file input.txt (compact mmCIF, C-alpha atoms)
# COMPACT_ATOMS: atom_id res chain seq x y z
CA MET A 1 14.18 -52.73 8.16
CA THR A 2 12.09 -52.95 11.33
CA SER A 3 9.72 -50.06 11.93
CA ALA A 4 9.76 -48.30 15.26
CA SER A 5 6.55 -47.03 16.79
CA PRO A 6 5.84 -43.42 15.77
CA ARG A 7 7.52 -40.70 17.80
CA PHE A 8 5.87 -37.40 18.65
CA TYR A 9 7.67 -34.10 19.24
CA LEU A 10 6.85 -30.51 20.08
CA MET A 11 8.85 -27.48 19.01
CA HIS A 12 7.67 -23.86 19.28
CA GLY A 13 4.07 -25.06 19.26
CA ILE A 14 4.56 -27.34 16.22
CA ARG A 15 3.46 -30.92 16.79
CA ALA A 16 5.37 -33.46 14.68
CA ARG A 17 4.77 -37.15 14.17
CA VAL A 18 7.89 -39.03 13.07
CA ASP A 19 7.65 -42.48 11.50
CA LEU A 20 10.99 -44.21 11.16
CA THR A 21 12.85 -47.48 11.23
CA ALA A 22 14.40 -48.80 14.40
CA ASP A 23 17.97 -48.63 13.13
CA VAL A 24 17.93 -44.84 12.67
CA LEU A 25 15.84 -44.05 15.74
CA SER A 26 18.75 -43.08 17.99
CA ALA A 27 20.49 -41.01 15.32
CA VAL A 28 17.31 -39.07 14.49
CA GLU A 29 16.37 -38.54 18.12
CA VAL A 30 19.77 -36.98 18.84
CA ILE A 31 19.39 -34.52 15.95
CA LEU A 32 15.82 -33.54 16.82
CA GLU A 33 16.64 -33.05 20.48
CA TYR A 34 19.68 -30.98 19.47
CA HIS A 35 17.31 -28.67 17.57
CA GLY A 36 14.97 -28.23 20.51
CA PHE A 37 12.31 -30.82 19.61
CA LYS A 38 10.89 -32.21 22.84
CA PRO A 39 9.36 -35.71 22.94
CA THR A 40 5.63 -35.66 23.76
CA GLU A 41 2.78 -38.08 24.19
CA PRO A 42 1.10 -39.48 21.04
CA THR A 43 -1.61 -37.20 19.70
CA GLU A 44 -4.05 -37.06 16.82
CA ARG A 45 -3.45 -33.34 16.39
CA VAL A 46 -0.35 -33.20 14.25
CA ASP A 47 1.12 -30.28 12.24
CA TRP A 48 3.95 -32.15 10.55
CA PHE A 49 4.22 -35.71 9.27
CA VAL A 50 7.84 -36.79 8.97
CA ARG A 51 8.45 -40.17 7.40
CA PHE A 52 11.77 -41.99 7.01
CA GLU A 53 12.20 -44.73 4.45
CA ARG A 54 15.19 -47.09 4.33
CA SER A 55 15.57 -48.74 0.97
CA SER A 56 17.99 -49.52 -1.80
CA LEU A 57 15.60 -47.94 -4.30
CA ARG A 58 16.58 -44.32 -4.67
CA PRO A 59 13.56 -42.04 -5.24
CA HIS A 60 13.28 -40.12 -8.46
CA VAL A 61 14.42 -36.53 -8.15
CA PRO A 62 14.47 -33.86 -10.87
CA THR A 63 17.87 -33.31 -12.42
CA GLY A 64 19.52 -30.87 -14.79
CA ALA A 65 17.13 -28.63 -16.66
CA ASP A 66 14.15 -30.15 -14.81
CA ALA A 67 15.31 -28.67 -11.52
CA ASN A 68 14.88 -24.99 -10.76
CA GLY A 69 17.33 -23.02 -8.68
CA VAL A 70 19.82 -25.81 -8.11
CA ALA A 71 22.38 -24.83 -5.51
CA ALA A 72 25.10 -26.96 -4.02
CA ASP A 73 25.55 -26.09 -0.38
CA PRO A 74 29.24 -25.19 -0.09
CA GLN A 75 29.66 -26.84 3.31
CA THR A 76 27.98 -30.15 2.58
CA GLY A 77 27.85 -30.52 -1.20
CA LEU A 78 24.12 -31.25 -0.94
CA GLN A 79 21.99 -30.08 -3.82
CA ILE A 80 18.97 -28.00 -2.91
CA PHE A 81 16.26 -27.10 -5.39
CA ARG A 82 12.54 -27.03 -5.91
CA GLN A 83 10.14 -28.18 -8.57
CA ASP A 84 6.34 -28.14 -8.79
CA GLY A 85 6.02 -26.77 -5.30
CA SER A 86 8.27 -29.36 -3.66
CA LEU A 87 11.64 -28.71 -2.07
CA TYR A 88 14.37 -31.29 -2.67
CA ILE A 89 17.53 -31.77 -0.62
CA VAL A 90 19.69 -34.36 -2.28
CA GLY A 91 22.83 -36.17 -1.12
CA ASP A 92 24.45 -39.43 -2.22
CA ASP A 93 22.85 -41.57 0.46
CA ALA A 94 19.93 -39.42 1.58
CA VAL A 95 17.13 -37.45 -0.06
CA ALA A 96 14.55 -35.22 1.61
CA VAL A 97 11.40 -33.97 -0.06
CA VAL A 98 9.24 -31.26 1.48
CA ALA A 99 6.08 -31.74 -0.53
CA SER A 100 3.75 -29.48 1.43
CA ASP A 101 3.51 -27.32 4.54
CA GLU A 102 3.02 -30.42 6.63
CA ARG A 103 4.85 -33.29 4.96
CA LEU A 104 8.50 -34.28 4.95
CA ASP A 105 9.70 -37.55 3.40
CA LEU A 106 13.25 -38.73 3.88
CA TRP A 107 14.88 -41.55 2.02
CA LEU A 108 18.03 -43.12 3.42
CA SER A 109 20.06 -45.67 1.50
CA ASP A 110 19.91 -49.04 3.22
CA GLY A 111 23.58 -49.47 2.42
CA VAL A 112 24.58 -47.05 5.16
CA VAL A 113 24.80 -48.07 8.80
CA TYR A 114 23.86 -45.33 11.23
CA ASP A 115 26.02 -45.72 14.29
CA GLU A 116 24.35 -44.01 17.22
CA SER A 117 27.73 -43.23 18.75
CA ARG A 118 28.78 -41.18 15.75
CA LEU A 119 26.73 -38.61 13.90
CA SER A 120 26.17 -39.05 10.19
CA PRO A 121 26.85 -35.63 8.62
CA VAL A 122 24.66 -36.44 5.63
CA LEU A 123 21.71 -37.42 7.81
CA TYR A 124 22.25 -34.36 10.00
CA PHE A 125 22.36 -31.86 7.17
CA VAL A 126 19.62 -33.39 5.01
CA LEU A 127 17.25 -33.52 7.99
CA THR A 128 18.27 -30.08 9.25
CA PHE A 129 17.87 -28.37 5.87
CA ALA A 130 14.50 -30.08 5.37
CA LEU A 131 13.32 -28.89 8.79
CA LEU A 132 14.52 -25.36 7.98
CA GLY A 133 12.56 -25.52 4.72
CA LEU A 134 9.43 -26.58 6.59
CA LEU A 135 9.97 -23.84 9.17
CA GLN A 136 10.37 -21.24 6.40
CA ARG A 137 6.84 -22.15 5.32
CA ARG A 138 5.66 -21.26 8.83
CA GLY A 139 7.36 -17.86 8.63
CA MET A 140 10.28 -18.91 10.84
CA PHE A 141 13.54 -17.78 9.26
CA ALA A 142 16.75 -19.20 10.72
CA ILE A 143 19.75 -16.98 11.36
CA HIS A 144 23.25 -18.10 12.25
CA GLY A 145 24.03 -15.93 15.24
CA ALA A 146 23.53 -15.37 18.94
CA ALA A 147 20.48 -13.80 20.55
CA LEU A 148 20.45 -12.29 24.03
CA GLY A 149 18.46 -9.67 25.86
CA LEU A 150 18.07 -7.58 28.96
CA ASP A 151 14.42 -8.64 28.86
CA GLU A 152 11.82 -9.61 26.25
CA SER A 153 11.49 -6.08 24.87
CA ARG A 154 15.22 -5.38 24.67
CA GLY A 155 17.03 -7.97 22.58
CA LEU A 156 20.50 -7.96 21.05
CA LEU A 157 21.69 -10.09 18.15
CA LEU A 158 25.32 -11.05 17.48
CA ILE A 159 25.70 -11.94 13.81
CA GLY A 160 28.80 -13.34 12.15
CA GLU A 161 30.67 -16.29 10.75
CA SER A 162 32.00 -18.98 13.05
CA ASP A 163 34.98 -17.93 15.16
CA THR A 164 34.02 -14.27 15.36
CA GLY A 165 33.63 -14.45 19.12
CA LYS A 166 29.85 -14.84 19.36
CA SER A 167 29.89 -17.59 22.01
CA THR A 168 32.60 -15.98 24.13
CA LEU A 169 30.84 -12.64 24.05
CA SER A 170 27.46 -14.28 24.74
CA MET A 171 28.83 -16.09 27.78
CA THR A 172 30.50 -12.90 28.99
CA LEU A 173 27.19 -11.06 28.81
CA VAL A 174 25.36 -13.92 30.53
CA GLN A 175 27.87 -13.61 33.37
CA SER A 176 26.84 -9.93 33.55
CA GLY A 177 23.24 -10.91 34.04
CA TRP A 178 22.04 -10.75 30.44
CA ARG A 179 19.53 -13.37 29.42
CA TYR A 180 20.12 -15.75 26.51
CA LEU A 181 18.17 -17.42 23.71
CA SER A 182 21.03 -19.04 21.79
CA ASP A 183 24.71 -18.54 21.04
CA ASP A 184 24.50 -19.96 17.54
CA SER A 185 21.11 -20.03 15.85
CA PHE A 186 17.70 -18.48 16.25
CA PHE A 187 14.61 -17.70 14.21
CA LEU A 188 13.18 -14.35 13.21
CA ILE A 189 9.39 -14.34 13.10
CA SER A 190 6.85 -11.72 12.15
CA ASN A 191 3.35 -11.29 13.45
CA GLY A 192 1.51 -8.74 11.33
CA ASP A 193 2.65 -5.20 12.00
CA ALA A 194 4.06 -6.05 15.44
CA PRO A 195 7.84 -5.84 15.85
CA ILE A 196 9.90 -8.74 14.54
CA GLU A 197 10.74 -11.22 17.29
CA ALA A 198 13.60 -13.65 17.83
CA ILE A 199 13.03 -17.14 19.24
CA PRO A 200 15.75 -19.75 19.89
CA PHE A 201 16.64 -22.69 17.69
CA ARG A 202 19.67 -24.53 19.02
CA ARG A 203 19.97 -23.82 22.74
CA ASP A 204 23.25 -25.37 23.87
CA PHE A 205 26.33 -23.20 23.74
CA GLY A 206 29.51 -24.32 22.00
CA PHE A 207 33.04 -23.46 23.09
CA ASP A 208 36.62 -24.21 22.14
CA ALA A 209 38.45 -26.39 24.64
CA ASP A 210 40.50 -23.45 25.93
CA ALA A 211 37.35 -21.52 26.90
CA GLU A 212 37.57 -23.11 30.33
CA GLU A 213 40.48 -20.79 31.05
CA ILE A 214 38.16 -17.82 30.68
CA PHE A 215 35.02 -19.44 32.07
CA PRO A 216 36.02 -21.86 34.86
CA GLU A 217 32.40 -22.84 35.44
CA LEU A 218 32.49 -24.72 32.12
CA ARG A 219 34.74 -27.35 33.69
CA GLU A 220 31.80 -28.75 35.62
CA GLU A 221 29.31 -28.63 32.81
CA THR A 222 31.57 -30.09 30.14
CA SER A 223 32.57 -33.02 32.32
CA ALA A 224 30.64 -35.33 30.01
CA HIS A 225 32.92 -34.15 27.17
CA GLU A 226 30.10 -33.88 24.71
CA THR A 227 30.99 -32.12 21.48
CA GLN A 228 28.89 -30.08 19.10
CA LEU A 229 27.21 -32.31 16.52
CA THR A 230 28.55 -30.26 13.65
CA ASP A 231 31.95 -29.32 14.98
CA GLU A 232 33.91 -31.81 17.04
CA ARG A 233 36.42 -29.12 18.04
CA LYS A 234 33.73 -27.48 20.15
CA ARG A 235 32.43 -28.54 23.52
CA ARG A 236 28.68 -28.66 23.89
CA VAL A 237 27.63 -26.78 27.01
CA ARG A 238 24.16 -27.13 28.54
CA ILE A 239 23.87 -23.47 29.36
CA ASP A 240 20.46 -23.99 30.95
CA ARG A 241 22.12 -26.07 33.66
CA LEU A 242 24.67 -23.36 34.42
CA TYR A 243 22.28 -20.41 34.26
CA PRO A 244 18.78 -21.89 34.53
CA ASP A 245 17.09 -18.63 35.44
CA GLN A 246 18.44 -16.58 32.56
CA PHE A 247 16.87 -18.38 29.60
CA LEU A 248 14.66 -16.11 27.49
CA GLU A 249 11.90 -17.68 25.36
CA ARG A 250 11.66 -14.74 22.96
CA CYS A 251 12.74 -11.14 22.54
CA ILE A 252 12.24 -8.11 20.36
CA PRO A 253 15.70 -7.32 18.94
CA ARG A 254 16.73 -3.66 19.20
CA VAL A 255 20.41 -3.90 18.36
CA ILE A 256 22.34 -5.99 15.83
CA VAL A 257 26.06 -6.34 16.49
CA PHE A 258 28.47 -7.70 13.89
CA PRO A 259 31.54 -8.71 15.93
CA LYS A 260 35.11 -9.22 14.85
CA VAL A 261 37.89 -10.39 17.15
CA GLU A 262 41.02 -8.20 17.08
CA PRO A 263 43.09 -9.10 20.16
CA GLY A 264 45.56 -6.27 19.57
CA GLU A 265 42.97 -3.50 19.45
CA VAL A 266 40.85 -1.60 21.94
CA SER A 267 37.23 -2.71 21.80
CA ARG A 268 34.82 -0.29 20.17
CA VAL A 269 31.52 -0.12 18.29
CA ALA A 270 30.66 1.84 15.15
CA ASP A 271 27.34 2.34 13.37
CA ILE A 272 27.01 0.91 9.87
CA ARG A 273 24.74 1.67 6.94
CA PRO A 274 21.45 -0.28 6.80
CA THR A 275 22.25 -1.86 3.44
CA ASP A 276 25.64 -2.98 4.72
CA ALA A 277 23.88 -4.51 7.72
CA LEU A 278 21.33 -6.23 5.47
CA ARG A 279 24.08 -7.76 3.32
CA ARG A 280 25.87 -9.07 6.40
CA LEU A 281 22.63 -10.45 7.80
CA MET A 282 21.79 -12.17 4.52
CA THR A 283 25.10 -14.06 4.57
CA GLN A 284 24.06 -15.66 7.86
CA SER A 285 20.44 -16.33 6.87
CA SER A 286 19.22 -19.77 5.80
CA PHE A 287 17.71 -19.43 2.34
CA VAL A 288 16.89 -23.11 1.97
CA ASP A 289 13.69 -22.80 -0.05
CA MET A 290 13.92 -20.12 -2.75
CA ASP A 291 10.24 -20.14 -3.61
CA ALA A 292 9.45 -16.58 -4.71
CA GLU A 293 6.72 -15.99 -2.13
CA LEU A 294 8.78 -17.45 0.71
CA ALA A 295 11.91 -15.54 -0.28
CA ARG A 296 9.98 -12.26 -0.49
CA HIS A 297 8.55 -12.87 2.96
CA GLN A 298 12.01 -13.71 4.27
CA MET A 299 13.57 -10.58 2.73
CA ASP A 300 10.72 -8.48 4.13
CA VAL A 301 11.47 -9.82 7.61
CA LEU A 302 15.21 -9.15 7.20
CA GLN A 303 14.51 -5.63 5.96
CA ARG A 304 12.15 -4.97 8.88
CA ILE A 305 14.59 -6.23 11.50
CA ILE A 306 17.26 -3.91 10.07
CA ARG A 307 14.85 -0.96 10.30
CA GLN A 308 13.87 -2.02 13.82
CA CYS A 309 17.44 -2.22 15.12
CA ARG A 310 20.48 -0.08 15.60
CA CYS A 311 23.20 -1.84 13.60
CA VAL A 312 26.84 -1.67 14.65
CA THR A 313 30.14 -3.39 14.10
CA LEU A 314 32.09 -4.43 17.16
CA VAL A 315 35.85 -4.71 17.24
CA ALA A 316 36.34 -7.07 20.18
CA GLY A 317 39.78 -6.65 21.69
CA ALA A 318 41.47 -8.48 24.53
CA ASP A 319 39.99 -5.98 26.98
CA LEU A 320 36.57 -7.63 26.51
CA LYS A 321 37.58 -11.28 26.70
CA GLY A 322 36.13 -12.75 29.84
CA VAL A 323 35.62 -9.33 31.41
CA PRO A 324 31.87 -9.17 31.99
CA ALA A 325 31.86 -5.61 33.26
CA ALA A 326 33.66 -4.35 30.14
CA ALA A 327 31.36 -6.17 27.70
CA ASP A 328 28.30 -4.99 29.60
CA ALA A 329 29.55 -1.40 29.72
CA LEU A 330 30.13 -1.37 25.96
CA LEU A 331 26.88 -2.99 24.83
CA ARG A 332 24.27 -2.11 27.44
CA PRO A 333 24.16 1.60 26.48
CA LEU A 334 23.21 0.61 22.90
CA ILE A 335 20.06 -1.05 24.12
CA SER A 336 19.12 0.83 27.26
CA ILE A 337 17.33 3.66 25.47
CA PHE A 338 14.51 1.35 24.36
CA MET B 339 29.19 4.52 -36.02
CA ALA B 340 26.15 4.78 -33.81
CA ARG B 341 27.09 4.97 -30.14
CA MET B 342 24.14 3.12 -28.72
CA THR B 343 25.03 -0.58 -28.72
CA VAL B 344 22.36 -1.98 -26.41
CA PRO B 345 18.85 -2.82 -27.62
CA GLN B 346 16.02 -0.50 -26.71
CA THR B 347 14.21 -2.50 -24.05
CA TYR B 348 15.13 -4.98 -21.37
CA LYS B 349 12.91 -7.03 -19.09
CA PRO B 350 13.84 -7.54 -15.43
CA ASN B 351 14.09 -11.15 -14.31
CA GLN B 352 10.91 -12.07 -12.41
CA ASN B 353 12.95 -14.14 -9.95
CA VAL B 354 14.77 -11.14 -8.55
CA VAL B 355 13.63 -9.82 -5.17
CA VAL B 356 14.44 -6.16 -4.54
CA THR B 357 14.82 -4.90 -0.99
CA GLU B 358 15.10 -1.19 -0.32
CA LEU B 359 16.23 0.50 2.87
CA ASP B 360 16.61 4.14 3.76
CA ASP B 361 20.09 4.81 2.51
CA ASP B 362 19.65 5.11 -1.27
CA GLU B 363 20.88 1.60 -1.90
CA SER B 364 19.02 -1.60 -2.63
CA VAL B 365 19.81 -5.28 -2.55
CA LEU B 366 18.82 -7.49 -5.48
CA LEU B 367 18.47 -11.19 -4.65
CA ASP B 368 18.41 -13.60 -7.59
CA LEU B 369 16.31 -16.58 -6.49
CA ASN B 370 17.69 -18.78 -9.28
CA THR B 371 21.36 -18.37 -8.45
CA ARG B 372 21.01 -17.35 -4.76
CA ARG B 373 23.40 -14.49 -5.50
CA TYR B 374 22.72 -10.97 -4.33
CA TYR B 375 23.90 -7.57 -5.41
CA THR B 376 23.95 -4.08 -3.94
CA VAL B 377 22.99 -1.26 -6.27
CA ASN B 378 23.39 2.47 -5.62
CA GLU B 379 20.69 5.10 -6.04
CA THR B 380 21.33 5.45 -9.77
CA GLY B 381 20.99 1.70 -10.14
CA VAL B 382 17.80 1.78 -8.07
CA LEU B 383 16.33 4.36 -10.44
CA ILE B 384 17.32 2.37 -13.54
CA TRP B 385 15.89 -0.85 -12.08
CA SER B 386 12.59 0.82 -11.23
CA GLN B 387 12.37 2.28 -14.74
CA LEU B 388 13.01 -1.14 -16.24
CA LYS B 389 10.26 -2.57 -14.04
CA GLU B 390 7.90 0.05 -15.44
CA GLY B 391 8.75 -1.10 -18.95
CA LYS B 392 10.59 2.07 -19.92
CA GLY B 393 12.88 2.05 -22.95
CA ILE B 394 16.57 2.87 -22.84
CA ARG B 395 16.08 6.40 -24.14
CA GLU B 396 13.53 7.21 -21.45
CA ILE B 397 15.77 5.74 -18.77
CA CYS B 398 18.74 7.81 -19.91
CA ASP B 399 16.59 10.95 -19.79
CA ALA B 400 15.37 10.07 -16.31
CA VAL B 401 18.90 9.50 -15.03
CA ALA B 402 20.16 12.73 -16.62
CA GLY B 403 17.30 14.67 -15.05
CA GLU B 404 17.42 13.09 -11.62
CA PHE B 405 21.17 13.42 -11.12
CA ASP B 406 21.74 16.58 -13.17
CA ILE B 407 24.32 15.04 -15.48
CA SER B 408 24.78 15.31 -19.24
CA SER B 409 22.85 13.10 -21.61
CA HIS B 410 26.16 11.64 -22.78
CA ASP B 411 27.22 10.65 -19.25
CA ALA B 412 23.77 9.29 -18.44
CA THR B 413 23.79 7.15 -21.57
CA THR B 414 27.22 5.78 -20.77
CA PHE B 415 26.18 4.92 -17.21
CA VAL B 416 22.92 3.29 -18.26
CA GLU B 417 24.63 1.22 -20.96
CA VAL B 418 27.31 -0.06 -18.61
CA PHE B 419 24.84 -0.80 -15.82
CA ILE B 420 22.36 -2.65 -18.01
CA SER B 421 25.16 -4.64 -19.63
CA SER B 422 26.21 -5.72 -16.14
CA LEU B 423 22.66 -6.71 -15.27
CA GLU B 424 22.40 -8.72 -18.48
CA LYS B 425 25.70 -10.45 -17.86
CA GLU B 426 24.47 -11.55 -14.43
CA GLY B 427 21.15 -12.74 -15.86
CA LEU B 428 19.14 -10.13 -13.98
CA VAL B 429 17.56 -8.72 -17.17
CA THR B 430 16.88 -10.13 -20.62
CA LYS B 431 16.57 -8.43 -23.99
CA GLU B 432 13.07 -8.00 -25.30
call {"tool": "encode", "arguments": {"input": "input.txt", "output": "structure tokens"}}
result
Amino acid sequence: MTSASPRFYLMHGIRARVDLTADVLSAVEVILEYHGFKPTEPTERVDWFVRFERSSLRPHVPTGADANGVAADPQTGLQIFRQDGSLYIVGDDAVAVVASDERLDLWLSDGVVYDESRLSPVLYFVLTFALLGLLQRRGMFAIHGAALGLDESRGLLLIGESDTGKSTLSMTLVQSGWRYLSDDSFFLISNGDAPIEAIPFRRDFGFDADAEEIFPELREETSAHETQLTDERKRRVRIDRLYPDQFLERCIPRVIVFPKVEPGEVSRVADIRPTDALRRLMTQSSFVDMDAELARHQMDVLQRIIRQCRCVTLVAGADLKGVPAAADALLRPLISIF
Amino acid sequence: MARMTVPQTYKPNQNVVVTELDDDESVLLDLNTRRYYTVNETGVLIWSQLKEGKGIREICDAVAGEFDISSHDATTFVEVFISSLEKEGLVTKE
């Protein structure tokens, strides 16, 4: 396989050098850009070394009793485990090894052709999980959910499974003037005793095709008919093109909302117990690397964000759908006291 | 027949992370299995006693005293709870 010249990226202050072969260049670039990695000029000052190898020789990975904490990811079937300080993410045609805080090695079977017009799910998930494992080591803990705010000191998190209305509600609030970090994934970070902060991970919004009926402005932005990399049913919307002045780089979350769509009911919020909130938050947290020290740090951050926030459930009825004033009137009072 | 069927001491799994909040419940996260469990305030007390290396008899006395229940009821609760922990691999017999 022909080597491409090294690529350099920047993401939340992390400088990454990526060495890869020419045939996977396009596929990898799409994934990194999707996760907010911005191409930069070559530099000697590098935080991460990411190296792709294409070969028919599969690297040795621990198996069975040799591997600690083996878990098969239910969505992808990938096995994730660690041994001797290294994190392994293992699929049939791809293996990632995070061997240190700064090194990620990926092996890709040379029997697989990576078509740049079509995403390889294995490549996407192996690379994404490996990046999440590296980010865990930097105290950046990924959460599946939306993050918005009135400003940097008044943030709101929407946490829930897919199809619980996070994107629709996020867009509705953006129409009301709220600022956005992400509709789907963000990081929680801690800085000593200061409040826990949220920073964005994936920045594009994703909508079902029928969302254009509620948000007509999407018709213009989805004209390219791009879909989400992980869910072809969803349109990928460059929200920064639609609302360029409302992007928020970071926020201190004050409210966590766990939404549930119930079209036949009147929208309402209700406080929930902290432990209930923690359990719900854990189900949407990426525990890629279960190293004891990392997991304790991650649980400490989750516990602190629960203490820091008011935690409520939201029953989202039809009265909220695409009605910015109603969504704003329901959620703004939760956050305005801060 | 003697009622007590569980051994006298159990050791908590070192790969369990305990997270406490303000509402008398805790979450136990097992790093090996990635499973997590919610335990109530009685469970929190029993877990903390196990962490301190207390024996079953001492734990039963602590539960009876803390929650003002009979020794018989406390013993029953502790036995059932610890059996559940053992079944899930959260504690091992010593």
call {"tool": "interface_residues", "arguments": {"input": "input.txt", "of": "chain A", "to": "chain B", "cutoff": "12 Å", "atoms": "all atoms listed in the file", "output": "count of residues only"}}
result
46
call {"tool": "residues_around", "arguments": {"input": "input.txt", "residues": "stretch 419-431 of chain B", "least_positions_apart": "3", "cutoff": "6 Å", "atoms": "only C-alpha atoms", "output": "list of chain:residue names"}}
result
B:Tyr348, B:Lys349, B:Pro350, B:Asn351, B:Val416
call {"tool": "write_last_selection", "arguments": {"input": "input.txt", "atoms": "C-alpha atoms", "output": "PDB file, keeping the file's coordinate frame"}}
result
ATOM      1  CA  TYR B 348      15.130  -4.980 -21.370  1.00  0.00           C
ATOM      2  CA  LYS B 349      12.910  -7.030 -19.090  1.00  0.00           C
ATOM      3  CA  PRO B 350      13.840  -7.540 -15.430  1.00  0.00           C
ATOM      4  CA  ASN B 351      14.090 -11.150 -14.310  1.00  0.00           C
ATOM      5  CA  VAL B 416      22.920   3.290 -18.260  1.00  0.00           C
TER       6      VAL B 416
END
call {"tool": "residues_around", "arguments": {"input": "input.txt", "residues": "A:Leu334", "least_positions_apart": "3", "cutoff": "10 Å", "atoms": "all atoms listed in the file", "output": "tab-separated table (two decimals) with C-alpha atoms, in the coordinates of the input"}}
result
chain	number	residue	atom	x	y	z
A	156	LEU	CA	20.50	-7.96	21.05
A	254	ARG	CA	16.73	-3.66	19.20
A	255	VAL	CA	20.41	-3.90	18.36
A	256	ILE	CA	22.34	-5.99	15.83
A	257	VAL	CA	26.06	-6.34	16.49
A	269	VAL	CA	31.52	-0.12	18.29
A	310	ARG	CA	20.48	-0.08	15.60
A	311	CYS	CA	23.20	-1.84	13.60
A	312	VAL	CA	26.84	-1.67	14.65
A	329	ALA	CA	29.55	-1.40	29.72
A	330	LEU	CA	30.13	-1.37	25.96
A	331	LEU	CA	26.88	-2.99	24.83
A	337	ILE	CA	17.33	3.66	25.47
A	338	PHE	CA	14.51	1.35	24.36
call {"tool": "closest_residue", "arguments": {"input": "input.txt", "among": "A:Ser182, A:Ser109, A:Ser100, A:Ser190", "to": "A:Phe205", "atoms": "only C-alpha atoms"}}
result
A:Ser182
call {"tool": "residues_around", "arguments": {"input": "input.txt", "residues": "A:Gly206", "least_positions_apart": "2", "cutoff": "12 Å", "atoms": "all atoms listed in the file", "output": "PyMOL selection string"}}
result
chain A and resi 146+162-163+165-171+182-185+202-204+208-212+218+221-222+225-239
call {"tool": "residues_around", "arguments": {"input": "input.txt", "residues": "A:Ala326", "least_positions_apart": "2", "cutoff": "12 Å", "atoms": "only C-alpha atoms", "output": "list in words"}}
result
Leu169, Thr172, Leu173, Gln175, Ser176, Val266, Ser267, Arg268, Ala316, Gly317, Ala318, Asp319, Leu320, Lys321, Gly322, Val323, Pro324, Asp328, Ala329, Leu330, Leu331, Arg332 and Pro333 of chain A
call {"tool": "decode", "arguments": {"input": "input.txt", "residues": "stretch 428-432 of chain B", "atoms": "all heavy atoms", "output": "PDB file, in the first residue's frame"}}
result
ATOM      1  N   LEU B 428     -19.804  -9.282  42.871  1.00  0.00           N
ATOM      2  CA  LEU B 428     -19.369  -8.021  43.476  1.00  0.00           C
ATOM      3  C   LEU B 428     -18.612  -8.243  44.788  1.00  0.00           C
ATOM      4  O   LEU B 428     -17.908  -7.348  45.255  1.00  0.00           O
ATOM      5  CB  LEU B 428     -20.581  -7.109  43.712  1.00  0.00           C
ATOM      6  CG  LEU B 428     -21.387  -6.767  42.455  1.00  0.00           C
ATOM      7  CD1 LEU B 428     -22.660  -6.009  42.805  1.00  0.00           C
ATOM      8  CD2 LEU B 428     -20.533  -5.946  41.492  1.00  0.00           C
ATOM      9  N   VAL B 429     -18.786  -9.426  45.394  1.00  0.00           N
ATOM     10  CA  VAL B 429     -18.008  -9.788  46.584  1.00  0.00           C
ATOM     11  C   VAL B 429     -17.574 -11.242  46.432  1.00  0.00           C
ATOM     12  O   VAL B 429     -18.182 -12.002  45.679  1.00  0.00           O
ATOM     13  CB  VAL B 429     -18.828  -9.645  47.899  1.00  0.00           C
ATOM     14  CG1 VAL B 429     -19.234  -8.208  48.145  1.00  0.00           C
ATOM     15  CG2 VAL B 429     -20.044 -10.562  47.896  1.00  0.00           C
ATOM     16  N   THR B 430     -16.512 -11.597  47.146  1.00  0.00           N
ATOM     17  CA  THR B 430     -16.075 -12.996  47.158  1.00  0.00           C
ATOM     18  C   THR B 430     -15.894 -13.441  48.594  1.00  0.00           C
ATOM     19  O   THR B 430     -15.568 -12.633  49.470  1.00  0.00           O
ATOM     20  CB  THR B 430     -14.743 -13.176  46.407  1.00  0.00           C
ATOM     21  OG1 THR B 430     -13.812 -12.205  46.887  1.00  0.00           O
ATOM     22  CG2 THR B 430     -14.928 -12.994  44.913  1.00  0.00           C
ATOM     23  N   LYS B 431     -16.082 -14.752  48.811  1.00  0.00           N
ATOM     24  CA  LYS B 431     -15.894 -15.302  50.150  1.00  0.00           C
ATOM     25  C   LYS B 431     -14.429 -15.242  50.531  1.00  0.00           C
ATOM     26  O   LYS B 431     -13.564 -15.443  49.685  1.00  0.00           O
ATOM     27  CB  LYS B 431     -16.351 -16.760  50.192  1.00  0.00           C
ATOM     28  CG  LYS B 431     -17.822 -16.965  49.991  1.00  0.00           C
ATOM     29  CD  LYS B 431     -18.119 -18.454  49.893  1.00  0.00           C
ATOM     30  CE  LYS B 431     -19.576 -18.654  49.538  1.00  0.00           C
ATOM     31  NZ  LYS B 431     -19.888 -20.054  49.201  1.00  0.00           N
ATOM     32  N   GLU B 432     -14.194 -15.013  51.799  1.00  0.00           N
ATOM     33  CA  GLU B 432     -12.806 -15.016  52.270  1.00  0.00           C
ATOM     34  C   GLU B 432     -12.538 -16.252  53.088  1.00  0.00           C
ATOM     35  O   GLU B 432     -13.425 -16.757  53.751  1.00  0.00           O
ATOM     36  CB  GLU B 432     -12.552 -13.778  53.120  1.00  0.00           C
ATOM     37  CG  GLU B 432     -12.342 -12.543  52.301  1.00  0.00           C
ATOM     38  CD  GLU B 432     -11.266 -11.658  52.899  1.00  0.00           C
ATOM     39  OE1 GLU B 432     -11.451 -11.245  54.051  1.00  0.00           O
ATOM     40  OE2 GLU B 432     -10.266 -11.398  52.208  1.00  0.00           O
TER      41      GLU B 432
END
